[in-house]
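Undergrad: Okay, here's the structure, questions in a sec.
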There are 2 protein chains.
Amino acid sequence: MTTPAWQPLPRARTYELVLDRIEEQIWAGNLTVGDRLPPERDLAAMLGVSRAAIREALRVLEAQGVLRKPQVGTGPESGSIIAGTPSAGLTRLLRLHVALANFPLADVVAARSTLERASARLAATNAKKDDLDRVRSPLERMDDPQLSREMFNDLDTEFHVAIARAGGNRMMADLTTAMRNSMRIALLTAFSRIDDWPPVAEALRRDHHAIYDAVAAGDPDAAELRVQDHIHGFYQQIARDLLDPRGPG
Amino acid sequence: MTTPAWQPLPRARTYELVLDRIEEQIWAGNLTVGDRLPPERDLAAMLGVSRAAIREALRVLEAQGVLRKPQVGTGPESGSIIAGTPSAGLTRLLRLHVALANFPLADVVAARSTLERASARLAATNAKKDDLDRVRSPLERMDDPQLSREMFNDLDTEFHVAIARAGGNRMMADLTTAMRNSMRIALLTAFSRIDDWPPVAEALRRDHHAIYDAVAAGDPDAAELRVQDHIHGFYQQIARDLLDPRGPG
């Protein structure tokens with residue numbers, strides 16, 4: 001046996017203890033979406049910590065979409081409101097780890113493809129007229145041949161997110177949004193490197209319309225297959241270098 | 001046309017601007033995993049903001065797993081280290097939104113099932129001997145009939161996470177971990193409500209061994225199907241009330 005070395009104990013910092021207390025209140029059902037946290041000063045007094053530690057914990061919760069960002073004109077006296085918006089915080093978290101290559105792009109694409117195939121099946125089964133309108137709207141705007149590549153890419157994201165939302169699973173929809181957005185810079189880079197853009201845009205439009213048609217026809221098998229072919233085809237034919245672990249050449 | 005109302009402009013707070021600057025440096029490739037950020041005081045001087053704003057931004061990045069938590073004995077003078085650990089931050093984010101019912105449990109289970117089916121296929125195709133050892137280890141420990149339900153549940157999580165890691169897709173593995181952990185309290189509640197625990201534990205053990213066998217045999221179709229049956233069966237037979245939108249009865 002080796003002699004165990006003396007190691008410093010891990011020490012939770014104050015703001016982490018504040019986070020734990022707030023999470024306890026949420027699990028206990030004492031804080032739900034729309035409720036207001038006590039003002040910073042009161043929280044600091046109740047928990048016996050500094051206002052700086054409270055503020056650090058609140059910033060973390062804001063970044064996670066657990067607290068709504070305060071409106072202009074409301075000070076720390078009024079207390080933050082519990083929010084229900086995971087999407088932006090999830091996007092930022094995934095985007096940073098994509099940027100750091102903690103998530104290789106190939107892994108993001110495979111995970112996205114898995115979730116989007118499932119969402120497309122759900123959308124083909126569940127989508128209502130309103131949902132279909134929201135899927136069709138970006139498609140129609142993407143038909144404009146004058147569109148910049150950046151605008152095209154944003155509408156492309158809007159289309160994929162609308163499919164995921166039409167499926168009715170909030171977690172799949174928010175994850176799809178976050179994954180797609182975490183790849184925005186990489187996708188724009190891939191788009192910008194294409195010499196002959198119009199035929200590429202035309203092929204992407206055709207794919208999208210085929211997916212929409214399968215969803216609108218209520219055909220889950222076709223919807224899944226077309227999403228798979230679309231994502232697979234895109235990365236094989238257009239953005240293959242994004243998936244190269246040695247990075248874009 | 002209605003007269004547009006005067007609305008206060010949204011105002012980014014200082015710590016958000018700090019986050020944007022740090023993210024820019026990451027995207028530019030100037031900061032990668034293992035690098036050290038400049039010390040708080042230098043960052044504050046370079047960006048022309050208060051140290052409190054810097055510290056708030058650093059806390060957000062720590063919560064996201066983008067910065068390593070400082071060791072005891074290192075002060076703010078030494079600068080935080082860029083980290084590559086999305087899993088804990090992702091877990092906390094999802095767990096809070098599960099607690100707030102922003103993600104209904106049924107949606108989490110469906111998303112998890114989708115990802116785990118895909119991971120099991122990948123694991124059956126890619127798993128090396130070491131990966132299989134890590135999948136088998138929690139199974140063997142779960143065979144102990146004296147195990148508490150809480151310990152059983154933790155090993156159950158370890159088993160599912162090991163399958164996801166054996167698949168080799170980091171994003172799928174981290175999302176699986178985060179989803180499974182975000183449901184920990186709900187799962188423990190479901191376990192604690194079971195009157196006759198031994199046969200339930202036995203059925204879960206059988207499911208797990210069947211999944212392991214399919215993965216070890218390199219059979220992706222069987223692995224996918226058994227994961228699906230396992231998750232579906234669990235929520236139909238054992239934890240059905242978790243998925244009831246009116247909450248556990």
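Just so we're on the same page: first chain in the structure tokens is A, next is B, and so on; residues restart at 1 for each chain, and ligands are numbered from 1 in the order they show up.
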Write out as CSV a residue-level contact list of stretch 72-138 of chain B versus stretch 171-193 of chain B with cut-off 8 Å: for each qualifying residue the closest pair of atoms and the distance in Å to one decimal, counting only C-alpha atoms, rows sorted by chain and residue number upward.
TA:
residue,atom,partner,partner_atom,distance
B:Pro86,CA,B:Asp174,CA,7.2
B:Ser87,CA,B:Asp174,CA,5.2
B:Ala88,CA,B:Ala178,CA,7.3
B:Leu90,CA,B:Ala178,CA,5.8
B:Thr91,CA,B:Ala178,CA,3.9
B:Arg92,CA,B:Ser182,CA,7.2
B:Leu94,CA,B:Ser182,CA,5.9
B:Arg95,CA,B:Ser182,CA,4.0
B:Leu96,CA,B:Ser182,CA,7.7
B:Val98,CA,B:Ser182,CA,6.7
B:Leu105,CA,B:Met183,CA,7.8
B:Val108,CA,B:Met179,CA,6.8
B:Arg112,CA,B:Thr176,CA,6.3
B:Leu115,CA,B:Met172,CA,6.5
B:Glu116,CA,B:Thr176,CA,7.0
B:Ser119,CA,B:Met172,CA,7.0
Undergrad: Show me which bits of chain B are within 8 Å of chain A, counting only C-alpha atoms, as a PyMOL selection string.
TA: chain B and resi 8-11+23+26-27+32-33+52+55-57+59-60+63-64+66+71-72+84-86+90+93-94+96-97+99-100+102-104+107-108+111+114-115+118+169-172
Undergrad: Ranking B:Ala203, B:Val18, B:Ile194, B:Ala124 by minimum distance to B:Arg149 and counting only C-alpha atoms, which one comes first?
TA: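 So, comparing all the options, the nearest one is B:Ile194.
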Undergrad: Quick one: everything within 12 Å of B:Lys128, counting only C-alpha atoms, minus sequence neighbours fewer than 4 positions away in the same chain. Send it as a PyMOL selection string.
TA: chain B and resi 122-124+132-135+162-163+165-168+215-218
Undergrad: How many Å separate atom CA of A:Leu19 from atom CA of A:Met46?
TA: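 Interatomic distance here is 13.7 Å.
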Undergrad: How far is it from atom CA of B:Glu158 to atom CA of B:Leu139, in Å with one decimal?
TA: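 Atom CA of B:Glu158 sits 9.1 Å away from atom CA of B:Leu139.
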Undergrad: As a VMD selection string, please: every residue in stretch 6-247 of chain A that DSSP puts in strand (DSSP E or B).
TA: chain A and resid 36 67 81 to 82
Undergrad: For the selection just defined, write its residues with N, CA and C atoms to a file, as a PDB file, in the first residue's frame.
TA:
ATOM      1  N   ARG A  36     -40.842  35.614  -7.100  1.00  0.00           N
ATOM      2  CA  ARG A  36     -39.747  36.552  -6.929  1.00  0.00           C
ATOM      3  C   ARG A  36     -38.859  36.080  -5.789  1.00  0.00           C
ATOM      4  N   LEU A  67     -33.110  32.523 -13.563  1.00  0.00           N
ATOM      5  CA  LEU A  67     -33.613  33.833 -13.153  1.00  0.00           C
ATOM      6  C   LEU A  67     -33.759  34.705 -14.393  1.00  0.00           C
ATOM      7  N   ILE A  81     -36.826  37.475 -10.622  1.00  0.00           N
ATOM      8  CA  ILE A  81     -37.973  36.602 -10.875  1.00  0.00           C
ATOM      9  C   ILE A  81     -37.493  35.259 -11.435  1.00  0.00           C
ATOM     10  N   ILE A  82     -38.044  34.166 -10.905  1.00  0.00           N
ATOM     11  CA  ILE A  82     -37.702  32.823 -11.386  1.00  0.00           C
ATOM     12  C   ILE A  82     -38.240  32.662 -12.804  1.00  0.00           C
TER      13      ILE A  82
END
Undergrad: Excluding B:Ile231 and any residue of its chain fewer than 4 positions from it, enumerate the residues within 7 Å of it, using only C-alpha atoms, and give them as a ChimeraX atom specification.
TA: /B:113,227,235
Undergrad: If you keep N, CA and C atoms, can you produce a file of those selected residues as a JSON list (two decimals), in the first residue's frame?
TA:
[["chain", "number", "residue", "atom", "x", "y", "z"],
["B", 113, "SER", "N", -34.13, 8.45, -23.75],
["B", 113, "SER", "CA", -34.29, 7.18, -24.46],
["B", 113, "SER", "C", -33.72, 7.29, -25.87],
["B", 227, "VAL", "N", -32.24, -1.46, -24.75],
["B", 227, "VAL", "CA", -32.27, -0.17, -24.03],
["B", 227, "VAL", "C", -33.68, 0.41, -24.11],
["B", 235, "TYR", "N", -40.70, 2.90, -17.07],
["B", 235, "TYR", "CA", -41.67, 3.99, -16.85],
["B", 235, "TYR", "C", -43.11, 3.53, -16.99]]
Undergrad: One decimal, Å: what's the distance from atom CA of A:Ala210 over to atom CA of A:Leu243, could you say?
TA: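 Atom CA of A:Leu243 lies 25.0 Å from atom CA of A:Ala210.
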Undergrad: Any chance you could list, as a ChimeraX atom specification, the residues in stretch 65-239 of chain B that come up helix (DSSP H, G or I) when DSSP is run on the backbone?
TA: /B:86-99,105-126,129-142,149-166,170-182,184-192,197-216,220-238
